[in-house]
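As stored in target.pdb (PDB, C-alpha atoms, pLDDT in the B column):
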ATOM      1  CA  MET A 736      -8.019  -5.802 -12.715  1.00 92.00           C
ATOM      2  CA  LEU A 737      -5.673  -7.522 -10.285  1.00 95.00           C
ATOM      3  CA  GLU A 738      -6.563 -11.169  -9.689  1.00 96.00           C
ATOM      4  CA  ILE A 739      -5.164 -13.580  -7.104  1.00 96.00           C
ATOM      5  CA  LYS A 740      -5.903 -17.190  -7.995  1.00 96.00           C
ATOM      6  CA  ASN A 741      -5.450 -20.222  -5.734  1.00 97.00           C
ATOM      7  CA  LEU A 742      -2.563 -18.568  -3.956  1.00 97.00           C
ATOM      8  CA  THR A 743      -0.648 -20.657  -1.444  1.00 97.00           C
ATOM      9  CA  LYS A 744       2.648 -19.848   0.254  1.00 96.00           C
ATOM     10  CA  GLN A 745       4.411 -22.337   2.488  1.00 95.00           C
ATOM     11  CA  PHE A 746       7.533 -21.714   4.556  1.00 93.00           C
ATOM     12  CA  ASN A 747       9.046 -25.075   5.565  1.00 91.00           C
ATOM     13  CA  ASN A 748       6.198 -26.716   7.516  1.00 91.00           C
ATOM     14  CA  THR A 749       4.170 -23.524   7.951  1.00 92.00           C
ATOM     15  CA  ILE A 750       1.423 -22.600   5.484  1.00 94.00           C
ATOM     16  CA  ALA A 751       1.278 -18.796   5.689  1.00 95.00           C
ATOM     17  CA  VAL A 752      -1.334 -18.399   2.943  1.00 96.00           C
ATOM     18  CA  ASN A 753      -3.676 -21.248   2.064  1.00 96.00           C
ATOM     19  CA  ASN A 754      -5.374 -21.304  -1.356  1.00 96.00           C
ATOM     20  CA  ILE A 755      -6.913 -17.829  -1.392  1.00 97.00           C
ATOM     21  CA  ASN A 756      -8.713 -16.105  -4.279  1.00 97.00           C
ATOM     22  CA  PHE A 757      -9.806 -12.500  -4.758  1.00 96.00           C
ATOM     23  CA  LYS A 758     -10.054  -9.715  -7.335  1.00 95.00           C
ATOM     24  CA  VAL A 759      -9.224  -6.030  -7.045  1.00 96.00           C
ATOM     25  CA  GLU A 760     -11.152  -3.825  -9.465  1.00 94.00           C
ATOM     26  CA  PRO A 761     -10.229  -0.340 -10.758  1.00 95.00           C
ATOM     27  CA  GLY A 762     -11.755   2.573  -8.885  1.00 94.00           C
ATOM     28  CA  LYS A 763     -12.341   0.597  -5.707  1.00 94.00           C
ATOM     29  CA  ILE A 764     -10.666   0.154  -2.344  1.00 96.00           C
ATOM     30  CA  PHE A 765     -10.193  -3.505  -1.493  1.00 96.00           C
ATOM     31  CA  GLY A 766      -9.726  -4.262   2.191  1.00 95.00           C
ATOM     32  CA  LEU A 767      -7.381  -7.072   3.196  1.00 96.00           C
ATOM     33  CA  LEU A 768      -8.495  -7.523   6.763  1.00 93.00           C
ATOM     34  CA  GLY A 769      -7.253  -9.771   9.534  1.00 92.00           C
ATOM     35  CA  PRO A 770      -5.318  -9.948  12.819  1.00 91.00           C
ATOM     36  CA  ASN A 771      -1.549  -9.754  13.030  1.00 87.00           C
ATOM     37  CA  GLY A 772      -0.009 -12.914  11.590  1.00 88.00           C
ATOM     38  CA  ALA A 773      -3.070 -13.751   9.492  1.00 93.00           C
ATOM     39  CA  GLY A 774      -1.160 -13.805   6.189  1.00 94.00           C
ATOM     40  CA  LYS A 775      -1.850 -10.281   4.917  1.00 94.00           C
ATOM     41  CA  THR A 776       1.756  -9.176   4.482  1.00 92.00           C
ATOM     42  CA  THR A 777       2.776 -12.499   2.930  1.00 94.00           C
ATOM     43  CA  THR A 778      -0.025 -12.062   0.396  1.00 95.00           C
ATOM     44  CA  ILE A 779       1.141  -8.535  -0.392  1.00 95.00           C
ATOM     45  CA  ARG A 780       4.772  -9.582  -0.793  1.00 93.00           C
ATOM     46  CA  THR A 781       3.690 -12.305  -3.185  1.00 94.00           C
ATOM     47  CA  ILE A 782       1.704  -9.823  -5.272  1.00 94.00           C
ATOM     48  CA  LEU A 783       4.799  -7.602  -5.399  1.00 93.00           C
ATOM     49  CA  ASP A 784       6.996 -10.555  -6.451  1.00 90.00           C
ATOM     50  CA  ILE A 785       9.162 -10.101  -3.356  1.00 91.00           C
ATOM     51  CA  ILE A 786       8.491 -13.763  -2.603  1.00 92.00           C
ATOM     52  CA  LYS A 787       7.313 -16.480  -4.966  1.00 93.00           C
ATOM     53  CA  PRO A 788       4.084 -18.399  -4.308  1.00 94.00           C
ATOM     54  CA  THR A 789       4.280 -22.100  -3.606  1.00 96.00           C
ATOM     55  CA  THR A 790       1.264 -22.560  -5.885  1.00 96.00           C
ATOM     56  CA  GLY A 791      -1.212 -20.245  -7.578  1.00 96.00           C
ATOM     57  CA  GLU A 792      -0.733 -17.081  -9.593  1.00 94.00           C
ATOM     58  CA  VAL A 793      -1.203 -13.333  -9.682  1.00 94.00           C
ATOM     59  CA  LEU A 794      -2.726 -11.820 -12.832  1.00 94.00           C
ATOM     60  CA  PHE A 795      -2.828  -8.170 -13.912  1.00 93.00           C
ATOM     61  CA  ASN A 796      -5.429  -7.377 -16.554  1.00 91.00           C
ATOM     62  CA  GLY A 797      -5.756 -11.087 -17.262  1.00 90.00           C
ATOM     63  CA  LYS A 798      -2.058 -11.750 -17.821  1.00 91.00           C
ATOM     64  CA  PRO A 799       0.786 -13.026 -15.620  1.00 90.00           C
ATOM     65  CA  LEU A 800       2.825 -10.235 -14.069  1.00 88.00           C
ATOM     66  CA  GLU A 801       5.359  -8.687 -16.409  1.00 87.00           C
ATOM     67  CA  ALA A 802       8.561  -6.817 -15.597  1.00 81.00           C
ATOM     68  CA  ASP A 803       6.970  -3.357 -15.739  1.00 86.00           C
ATOM     69  CA  PHE A 804       4.194  -4.249 -13.265  1.00 90.00           C
ATOM     70  CA  LEU A 805       6.207  -2.863 -10.359  1.00 87.00           C
ATOM     71  CA  ASN A 806       6.562   0.488 -12.137  1.00 89.00           C
ATOM     72  CA  LYS A 807       2.758   0.645 -12.175  1.00 92.00           C
ATOM     73  CA  THR A 808       2.551  -0.203  -8.481  1.00 95.00           C
ATOM     74  CA  GLY A 809       2.963   1.907  -5.368  1.00 95.00           C
ATOM     75  CA  TYR A 810       3.673   0.211  -2.042  1.00 95.00           C
ATOM     76  CA  LEU A 811       3.523   1.598   1.480  1.00 93.00           C
ATOM     77  CA  PRO A 812       4.903  -1.152   3.726  1.00 90.00           C
ATOM     78  CA  GLU A 813       3.995  -1.543   7.372  1.00 82.00           C
ATOM     79  CA  GLU A 814       7.684  -1.633   8.280  1.00 78.00           C
ATOM     80  CA  ARG A 815       9.267   1.712   7.475  1.00 73.00           C
ATOM     81  CA  GLY A 816      12.606   1.401   5.695  1.00 76.00           C
ATOM     82  CA  LEU A 817      13.947   4.726   4.443  1.00 85.00           C
ATOM     83  CA  TYR A 818      17.460   6.176   4.624  1.00 88.00           C
ATOM     84  CA  LYS A 819      17.429   8.145   7.850  1.00 89.00           C
ATOM     85  CA  LYS A 820      20.734   9.956   7.271  1.00 93.00           C
ATOM     86  CA  SER A 821      19.646  11.322   3.881  1.00 96.00           C
ATOM     87  CA  LYS A 822      17.737  14.503   3.086  1.00 97.00           C
ATOM     88  CA  VAL A 823      14.002  14.147   2.533  1.00 97.00           C
ATOM     89  CA  ILE A 824      14.017  15.471  -1.034  1.00 97.00           C
ATOM     90  CA  ASP A 825      16.974  13.230  -1.966  1.00 97.00           C
ATOM     91  CA  ILE A 826      15.106  10.169  -0.705  1.00 96.00           C
ATOM     92  CA  ILE A 827      11.994  11.126  -2.673  1.00 97.00           C
ATOM     93  CA  ARG A 828      14.041  11.739  -5.829  1.00 97.00           C
ATOM     94  CA  TYR A 829      15.927   8.443  -5.501  1.00 96.00           C
ATOM     95  CA  PHE A 830      12.820   6.266  -5.197  1.00 95.00           C
ATOM     96  CA  ALA A 831      10.980   8.183  -7.919  1.00 96.00           C
ATOM     97  CA  GLU A 832      13.877   7.633 -10.329  1.00 96.00           C
ATOM     98  CA  LEU A 833      13.675   3.902  -9.603  1.00 93.00           C
ATOM     99  CA  LYS A 834      10.090   4.101 -10.881  1.00 93.00           C
ATOM    100  CA  GLY A 835      11.114   5.857 -14.087  1.00 91.00           C
ATOM    101  CA  LEU A 836      10.684   9.543 -13.274  1.00 94.00           C
ATOM    102  CA  SER A 837      13.365  12.039 -14.241  1.00 96.00           C
ATOM    103  CA  ALA A 838      15.279  13.668 -11.400  1.00 96.00           C
ATOM    104  CA  GLN A 839      13.834  17.067 -12.305  1.00 97.00           C
ATOM    105  CA  LYS A 840      10.225  15.863 -12.289  1.00 96.00           C
ATOM    106  CA  ALA A 841      10.767  13.834  -9.128  1.00 97.00           C
ATOM    107  CA  VAL A 842      12.025  16.884  -7.244  1.00 97.00           C
ATOM    108  CA  ALA A 843       9.309  19.205  -8.586  1.00 97.00           C
ATOM    109  CA  ASP A 844       6.469  16.754  -7.883  1.00 97.00           C
ATOM    110  CA  GLY A 845       8.003  15.799  -4.554  1.00 97.00           C
ATOM    111  CA  ILE A 846       7.986  19.418  -3.392  1.00 97.00           C
ATOM    112  CA  GLU A 847       4.327  19.753  -4.412  1.00 97.00           C
ATOM    113  CA  TRP A 848       3.410  16.667  -2.377  1.00 97.00           C
ATOM    114  CA  LEU A 849       5.382  17.924   0.614  1.00 97.00           C
ATOM    115  CA  LYS A 850       3.256  21.068   0.406  1.00 96.00           C
ATOM    116  CA  LYS A 851       0.031  19.037   0.179  1.00 94.00           C
ATOM    117  CA  LEU A 852       1.007  17.130   3.296  1.00 95.00           C
ATOM    118  CA  GLU A 853       2.028  20.354   5.047  1.00 93.00           C
ATOM    119  CA  ILE A 854       5.734  19.555   5.516  1.00 96.00           C
ATOM    120  CA  PRO A 855       7.579  21.539   2.781  1.00 96.00           C
ATOM    121  CA  GLN A 856       9.854  23.036   5.438  1.00 97.00           C
ATOM    122  CA  TYR A 857      11.510  19.644   5.924  1.00 96.00           C
ATOM    123  CA  LYS A 858      12.611  19.285   2.291  1.00 96.00           C
ATOM    124  CA  ASP A 859      16.323  19.632   3.087  1.00 96.00           C
ATOM    125  CA  ARG A 860      16.257  18.057   6.538  1.00 96.00           C
ATOM    126  CA  LYS A 861      17.618  14.611   7.276  1.00 96.00           C
ATOM    127  CA  LEU A 862      14.837  12.073   7.665  1.00 95.00           C
ATOM    128  CA  GLU A 863      15.948  11.149  11.191  1.00 94.00           C
ATOM    129  CA  GLU A 864      15.231  14.730  12.279  1.00 95.00           C
ATOM    130  CA  LEU A 865      11.514  14.340  11.484  1.00 94.00           C
ATOM    131  CA  SER A 866       8.831  12.981  13.787  1.00 91.00           C
ATOM    132  CA  LYS A 867       7.534   9.463  13.188  1.00 89.00           C
ATOM    133  CA  GLY A 868       4.346  10.809  11.634  1.00 90.00           C
ATOM    134  CA  ASN A 869       6.218  13.108   9.250  1.00 93.00           C
ATOM    135  CA  GLN A 870       8.555  10.279   8.272  1.00 93.00           C
ATOM    136  CA  GLN A 871       5.478   8.305   7.391  1.00 92.00           C
ATOM    137  CA  LYS A 872       4.228  11.154   5.227  1.00 94.00           C
ATOM    138  CA  VAL A 873       7.488  10.960   3.279  1.00 95.00           C
ATOM    139  CA  GLN A 874       7.035   7.238   2.779  1.00 94.00           C
ATOM    140  CA  PHE A 875       3.467   7.830   1.609  1.00 95.00           C
ATOM    141  CA  ILE A 876       4.730  10.358  -0.963  1.00 97.00           C
ATOM    142  CA  ILE A 877       7.223   7.808  -2.247  1.00 96.00           C
ATOM    143  CA  ALA A 878       4.416   5.274  -2.712  1.00 96.00           C
ATOM    144  CA  ILE A 879       2.231   7.569  -4.825  1.00 96.00           C
ATOM    145  CA  LEU A 880       4.604  10.021  -6.526  1.00 96.00           C
ATOM    146  CA  HIS A 881       4.883   8.042  -9.805  1.00 95.00           C
ATOM    147  CA  ASN A 882       1.075   7.937 -10.152  1.00 95.00           C
ATOM    148  CA  PRO A 883       0.719   4.129  -9.946  1.00 95.00           C
ATOM    149  CA  ASP A 884      -2.210   2.148 -11.333  1.00 94.00           C
ATOM    150  CA  VAL A 885      -2.081  -0.192  -8.312  1.00 96.00           C
ATOM    151  CA  LEU A 886      -1.613   1.148  -4.793  1.00 97.00           C
ATOM    152  CA  ILE A 887      -0.916  -1.239  -1.917  1.00 97.00           C
ATOM    153  CA  LEU A 888      -1.122   0.271   1.567  1.00 95.00           C
ATOM    154  CA  ASP A 889      -0.132  -1.879   4.543  1.00 93.00           C
ATOM    155  CA  GLU A 890      -1.456  -0.328   7.790  1.00 90.00           C
ATOM    156  CA  PRO A 891      -1.153   3.196   6.323  1.00 91.00           C
ATOM    157  CA  PHE A 892      -2.550   5.037   9.366  1.00 90.00           C
ATOM    158  CA  SER A 893      -0.108   3.650  11.924  1.00 83.00           C
ATOM    159  CA  GLY A 894       1.664   6.472  13.752  1.00 80.00           C
ATOM    160  CA  PHE A 895      -0.648   9.267  12.575  1.00 88.00           C
ATOM    161  CA  ASP A 896      -2.670  11.501  14.875  1.00 89.00           C
ATOM    162  CA  PRO A 897      -6.405  11.892  14.045  1.00 90.00           C
ATOM    163  CA  ILE A 898      -5.880  15.040  11.944  1.00 91.00           C
ATOM    164  CA  ASN A 899      -3.220  13.452   9.758  1.00 91.00           C
ATOM    165  CA  GLN A 900      -5.207  10.211   9.548  1.00 91.00           C
ATOM    166  CA  GLN A 901      -8.020  12.221   7.987  1.00 92.00           C
ATOM    167  CA  ILE A 902      -5.642  13.905   5.522  1.00 92.00           C
ATOM    168  CA  ILE A 903      -4.388  10.502   4.335  1.00 92.00           C
ATOM    169  CA  LYS A 904      -7.922   9.074   4.209  1.00 93.00           C
ATOM    170  CA  ASP A 905      -9.061  11.959   2.006  1.00 93.00           C
ATOM    171  CA  LEU A 906      -6.119  11.439  -0.345  1.00 93.00           C
ATOM    172  CA  ILE A 907      -6.791   7.707  -0.611  1.00 94.00           C
ATOM    173  CA  LEU A 908     -10.439   8.393  -1.432  1.00 93.00           C
ATOM    174  CA  SER A 909      -9.383  10.920  -4.081  1.00 93.00           C
ATOM    175  CA  PHE A 910      -7.368   8.203  -5.830  1.00 93.00           C
ATOM    176  CA  VAL A 911     -10.527   6.126  -6.270  1.00 92.00           C
ATOM    177  CA  SER A 912     -11.979   8.630  -8.713  1.00 89.00           C
ATOM    178  CA  THR A 913      -8.877   8.292 -10.911  1.00 92.00           C
ATOM    179  CA  GLY A 914      -9.498   4.564 -11.348  1.00 92.00           C
ATOM    180  CA  LYS A 915      -6.650   3.222  -9.253  1.00 95.00           C
ATOM    181  CA  MET A 916      -6.800  -0.300  -7.838  1.00 96.00           C
ATOM    182  CA  ILE A 917      -6.197   0.075  -4.106  1.00 97.00           C
ATOM    183  CA  ILE A 918      -5.446  -2.658  -1.588  1.00 97.00           C
ATOM    184  CA  LEU A 919      -5.741  -1.498   2.007  1.00 96.00           C
ATOM    185  CA  SER A 920      -4.329  -3.967   4.500  1.00 94.00           C
ATOM    186  CA  THR A 921      -5.433  -3.465   8.096  1.00 90.00           C
ATOM    187  CA  HIS A 922      -6.411  -5.277  11.278  1.00 88.00           C
ATOM    188  CA  GLN A 923      -8.959  -2.576  12.145  1.00 85.00           C
ATOM    189  CA  MET A 924     -12.512  -3.344  11.021  1.00 84.00           C
ATOM    190  CA  GLU A 925     -13.569   0.256  11.654  1.00 86.00           C
ATOM    191  CA  ILE A 926     -11.145   1.542   9.003  1.00 87.00           C
ATOM    192  CA  ALA A 927     -12.240  -1.118   6.514  1.00 86.00           C
ATOM    193  CA  GLU A 928     -15.908  -0.255   7.043  1.00 87.00           C
ATOM    194  CA  LYS A 929     -15.307   3.443   6.421  1.00 88.00           C
ATOM    195  CA  LEU A 930     -13.081   3.175   3.355  1.00 92.00           C
ATOM    196  CA  CYS A 931     -13.465  -0.150   1.555  1.00 94.00           C
ATOM    197  CA  ASN A 932     -15.908  -1.235  -1.125  1.00 92.00           C
ATOM    198  CA  ASP A 933     -15.006  -4.915  -0.812  1.00 94.00           C
ATOM    199  CA  ILE A 934     -13.085  -6.827   1.818  1.00 94.00           C
ATOM    200  CA  PHE A 935     -11.333 -10.142   2.191  1.00 95.00           C
ATOM    201  CA  LEU A 936     -11.206 -11.351   5.782  1.00 94.00           C
ATOM    202  CA  ILE A 937      -8.257 -13.681   6.367  1.00 95.00           C
ATOM    203  CA  ASN A 938      -7.145 -15.603   9.454  1.00 95.00           C
ATOM    204  CA  GLU A 939      -4.385 -18.205   9.812  1.00 94.00           C
ATOM    205  CA  GLY A 940      -3.807 -17.940   6.071  1.00 95.00           C
ATOM    206  CA  ARG A 941      -7.361 -18.918   5.106  1.00 96.00           C
ATOM    207  CA  GLU A 942     -10.338 -16.972   3.835  1.00 95.00           C
ATOM    208  CA  VAL A 943     -12.943 -16.381   6.528  1.00 94.00           C
ATOM    209  CA  CYS A 944     -15.367 -14.442   4.335  1.00 92.00           C
ATOM    210  CA  SER A 945     -15.229 -11.943   1.506  1.00 94.00           C
ATOM    211  CA  GLY A 946     -17.377  -9.707  -0.673  1.00 92.00           C
ATOM    212  CA  ASN A 947     -19.049  -6.338  -0.611  1.00 91.00           C
ATOM    213  CA  ILE A 948     -18.591  -4.623   2.733  1.00 86.00           C
ATOM    214  CA  ASN A 949     -22.325  -4.454   3.390  1.00 84.00           C
ATOM    215  CA  GLU A 950     -22.781  -8.163   2.623  1.00 84.00           C
ATOM    216  CA  VAL A 951     -19.909  -9.106   4.904  1.00 82.00           C
ATOM    217  CA  ARG A 952     -21.312  -6.950   7.687  1.00 79.00           C
ATOM    218  CA  ARG A 953     -24.653  -8.748   7.417  1.00 80.00           C
ATOM    219  CA  LYS A 954     -22.893 -12.130   7.583  1.00 77.00           C
TER     220      LYS A 954
END
Go ahead and express the file in the form of structure tokens.
Amino acid sequence: MLEIKNLTKQFNNTIAVNNINFKVEPGKIFGLLGPNGAGKTTTIRTILDIIKPTTGEVLFNGKPLEADFLNKTGYLPEERGLYKKSKVIDIIRYFAELKGLSAQKAVADGIEWLKKLEIPQYKDRKLEELSKGNQQKVQFIIAILHNPDVLILDEPFSGFDPINQQIIKDLILSFVSTGKMIILSTHQMEIAEKLCNDIFLINEGREVCSGNINEVRRK
């Protein structure tokens, strides 16, 4: 279980996240829902130890985060940041090796995922030669290739057409059955309603409401 306890993050005089609490359980999709600027990405970056909280803590299986937590975590950021001049398979291999995979396994598994996402023909193409949607597929592969226990997806459907949105949705749902803890950050209530078991609605850094999706809908 991933647990966020009394989390606050302040930048100078701005409180980006204000004393929030939630739990993410295995085998469930947890929706972090709110408008742009609500504090979703700051919360995610704190969980990933990119930034330190002002107060509060993040616990994984009841313990403070340890050094290997990031190797158990996959992250698809909203802002895409891959090496556009590099070949697709080289990018996949590089990031997979950072997560502990061997180069041989990274390439073999990467090719299989390119096939699953219907873009194996771009394996040796430079990333900048791919469409925005196909670049996003590559970034999705990087997030999941090392089979993480925790998967954090920040606006994962941005840039996809309806067909590819459905492909990614089906893959995310397939991860649930393997017991992964999934955080899905979005500003679209429709997506949260379709995919999430529980949601945490945040605005201006504060909790608005949270709980099972059906309970929140009734509220």
### Task
Translate the PyMOL selection byres ((chain A and resi 906) around 12), as applied to the file shown, into an explicit residue set as an NGL selection string.
:A and (848 or 851-852 or 872 or 875-876 or 879 or 891 or 899-905 or 907-913 or 917 or 930)
### Message
Quick one: residues within 6 Å of range 945-953 of chain A, only C-alpha atoms, excluding same-chain residues fewer than 3 positions away - as a ChimeraX atom specification?
### Response
/A:932-936
### Task
With a distance cut-off of 12 Å and only C-alpha atoms, select the neighbouring residues of Pro799 in chain A, excluding the residue or stretch itself and same-chain residues fewer than 5 positions from it, and output the selection as a PyMOL selection string.
chain A and resi 736-740+782+784+791-794+804
Restricted to C-alpha atoms, what would the selected residues look like written as a CSV table (one decimal), in the frame of the given file?
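result_18.csv, freshly written:
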chain,number,residue,atom,x,y,z
A,736,MET,CA,-8.0,-5.8,-12.7
A,737,LEU,CA,-5.7,-7.5,-10.3
A,738,GLU,CA,-6.6,-11.2,-9.7
A,739,ILE,CA,-5.2,-13.6,-7.1
A,740,LYS,CA,-5.9,-17.2,-8.0
A,782,ILE,CA,1.7,-9.8,-5.3
A,784,ASP,CA,7.0,-10.6,-6.5
A,791,GLY,CA,-1.2,-20.2,-7.6
A,792,GLU,CA,-0.7,-17.1,-9.6
A,793,VAL,CA,-1.2,-13.3,-9.7
A,794,LEU,CA,-2.7,-11.8,-12.8
A,804,PHE,CA,4.2,-4.2,-13.3
### Task
Using all atoms listed in the file, determine which residues lie at most 12 Å from Ile827 in chain A, disregarding the query and same-chain residues fewer than 5 positions distant; provide the list as a PyMOL selection string.
chain A and resi 817-818+821-822+832-834+836-849+858-859+861-862+870+872-881
### Point-to-point distance from CA of Glu801 in chain A to CA of Thr749 in chain A, Å rounded to tenths
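Rounded to one decimal, the two atoms are 28.5 Å apart.
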### Task
On this file, the PyMOL selection byres ((chain A and resi 763) around 8) gives some set of residues; write that set as a ChimeraX atom specification.
/A:759-762,764-765,911,914-917,931-933
### Message
Nearest residue to Lys775 in chain A out of A:Pro812, A:Pro883, A:Pro855, A:Gly797, using all atoms listed in the file?
### Response
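Going through A:Pro812, A:Pro883, A:Pro855, A:Gly797 one by one, the smallest distance to Lys775 in chain A is for A:Pro812.
Taking only C-alpha atoms into account, Ser866 in chain A lies nearest to A:Lys819 out of the set A:Lys787, A:Lys798, A:Lys819, A:Lys744.
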### Interatomic distance, CA of Asp803 in chain A to CA of Ile779 in chain A (Å, one decimal)
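So the answer is 17.2 Å.
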### Task
Tell me, in Å to one decimal, how far CA of Leu886 in chain A is from CA of Thr790 in chain A.
23.9 Å
### Query
For Asn938 in chain A, which of A:Leu742, A:Glu863, A:Gly835, A:Pro770 is the closest residue, counting only C-alpha atoms?
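Smallest distance to Asn938 in chain A is found for A:Pro770.
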### Query
So which one's closest to Pro788 in chain A, A:Ser920, A:Ser893, A:Asn748, A:Asn741? Using only C-alpha atoms, please.
A:Asn741
Please write as a CSV table (one decimal) with C-alpha atoms, in the coordinates of the input the full residue list that the PyMOL selection byres ((chain A and resi 751) around 9) yields on this file.
chain,number,residue,atom,x,y,z
A,743,THR,CA,-0.6,-20.7,-1.4
A,744,LYS,CA,2.6,-19.8,0.3
A,745,GLN,CA,4.4,-22.3,2.5
A,746,PHE,CA,7.5,-21.7,4.6
A,749,THR,CA,4.2,-23.5,8.0
A,750,ILE,CA,1.4,-22.6,5.5
A,752,VAL,CA,-1.3,-18.4,2.9
A,753,ASN,CA,-3.7,-21.2,2.1
A,772,GLY,CA,0.0,-12.9,11.6
A,773,ALA,CA,-3.1,-13.8,9.5
A,774,GLY,CA,-1.2,-13.8,6.2
A,777,THR,CA,2.8,-12.5,2.9
A,778,THR,CA,0.0,-12.1,0.4
A,939,GLU,CA,-4.4,-18.2,9.8
A,940,GLY,CA,-3.8,-17.9,6.1
A,941,ARG,CA,-7.4,-18.9,5.1
### Task
Tell me which of A:Gln923, A:Gln856, A:Asn869, A:Thr808 sits closest to Ile887 in chain A, counting only C-alpha atoms.
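Using only C-alpha atoms, the shortest distance to Ile887 in chain A belongs to A:Thr808.
Nearest to Thr776 in chain A of all the residues A:Glu864, A:Glu928, A:Asp884, A:Glu890 is A:Glu890, counting only C-alpha atoms.
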